[in-house]
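Worksheet: the structure to be examined is printed underneath.
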Amino acid sequence: MLTVNLYYTGENGNARRFVEEMESSGIADKIRAEEGNVRYEYFFPMKDPETVLLIDAWEDQEAIDKHHASPMMKTIMNLREKYNLHMKVERFISDDMSSSDEKFIRN
């Protein structure tokens, strides 16, 4: 699985307004329904009200490449411009959890 953390940062609440429009317009749900999407979820850092974290997970690189090539990406890019958002991106590839880590996990 490939996970991408996208930090959207704006001013005057624009990052949150971006998320509200992504959700209310149905764009976020359309992304969640795309083949290969595993997770598409927004979070709000407690200490930074001008930033939103999107955790975006895909089955593999092919799935995210198809998403990036879709017409929906232009809509998303236009919304980023509308709200004047800046981005920081982190990318992770999942591996199996080590058995030594399991003792720290409370189920």
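Labeling convention for the structure tokens: chains A, B, ... as they appear, residues from 1 per chain, ligands from 1 in order of appearance.
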* Using the chain letters and numbers from this document, which residues of chain A does DSSP assign to strand (DSSP E or B), as a PyMOL selection string? -> chain A and resi 2-9+37-43+51-58+86-93
Keeping C-alpha atoms for every residue in the selection just given, could you write it to a file as a PDB file, in the first residue's frame?
ATOM      1  CA  LEU A   2       1.151   3.521  -0.806  1.00  0.00           C
ATOM      2  CA  THR A   3       0.185   6.310   1.612  1.00  0.00           C
ATOM      3  CA  VAL A   4       0.596   9.999   0.903  1.00  0.00           C
ATOM      4  CA  ASN A   5       0.240  12.614   3.631  1.00  0.00           C
ATOM      5  CA  LEU A   6      -0.612  16.002   2.163  1.00  0.00           C
ATOM      6  CA  TYR A   7      -0.452  19.035   4.426  1.00  0.00           C
ATOM      7  CA  TYR A   8      -2.525  21.890   2.991  1.00  0.00           C
ATOM      8  CA  THR A   9      -1.728  25.258   4.533  1.00  0.00           C
ATOM      9  CA  ASN A  37      -8.333   3.949  -3.125  1.00  0.00           C
ATOM     10  CA  VAL A  38      -7.880   2.584   0.398  1.00  0.00           C
ATOM     11  CA  ARG A  39      -8.250   5.762   2.457  1.00  0.00           C
ATOM     12  CA  TYR A  40      -9.034   9.423   1.863  1.00  0.00           C
ATOM     13  CA  GLU A  41      -9.478  11.269   5.133  1.00  0.00           C
ATOM     14  CA  TYR A  42      -8.850  14.778   6.446  1.00  0.00           C
ATOM     15  CA  PHE A  43      -7.494  15.695   9.897  1.00  0.00           C
ATOM     16  CA  THR A  51      -3.261  23.485   8.157  1.00  0.00           C
ATOM     17  CA  VAL A  52      -5.222  20.398   7.168  1.00  0.00           C
ATOM     18  CA  LEU A  53      -3.712  16.914   6.841  1.00  0.00           C
ATOM     19  CA  LEU A  54      -5.043  14.603   4.154  1.00  0.00           C
ATOM     20  CA  ILE A  55      -4.145  10.937   4.485  1.00  0.00           C
ATOM     21  CA  ASP A  56      -4.532   9.479   1.004  1.00  0.00           C
ATOM     22  CA  ALA A  57      -3.796   5.745   0.641  1.00  0.00           C
ATOM     23  CA  TRP A  58      -3.804   3.642  -2.517  1.00  0.00           C
ATOM     24  CA  HIS A  86       0.498  25.561  -0.182  1.00  0.00           C
ATOM     25  CA  MET A  87       1.429  21.910   0.222  1.00  0.00           C
ATOM     26  CA  LYS A  88       3.945  19.677   1.918  1.00  0.00           C
ATOM     27  CA  VAL A  89       3.925  16.011   0.889  1.00  0.00           C
ATOM     28  CA  GLU A  90       5.184  12.858   2.618  1.00  0.00           C
ATOM     29  CA  ARG A  91       5.054   9.451   0.935  1.00  0.00           C
ATOM     30  CA  PHE A  92       5.153   6.052   2.653  1.00  0.00           C
ATOM     31  CA  ILE A  93       5.135   2.443   1.505  1.00  0.00           C
TER      32      ILE A  93
END
* To do: Output as a PyMOL selection string all residues of chain A that backbone DSSP marks as helix (DSSP H, G or I).
  => chain A and resi 14-24+27-33+61-69+72-82+99-102
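Note that atom CA of Val19 of chain A and atom CA of Pro45 of chain A are 13.6 Å apart.
Minimum atom-to-atom distance to Ile31 of chain A, evaluated using only C-alpha atoms, belongs to A:His67 out of A:Ile105, A:Leu85, A:Ser100, A:His67.
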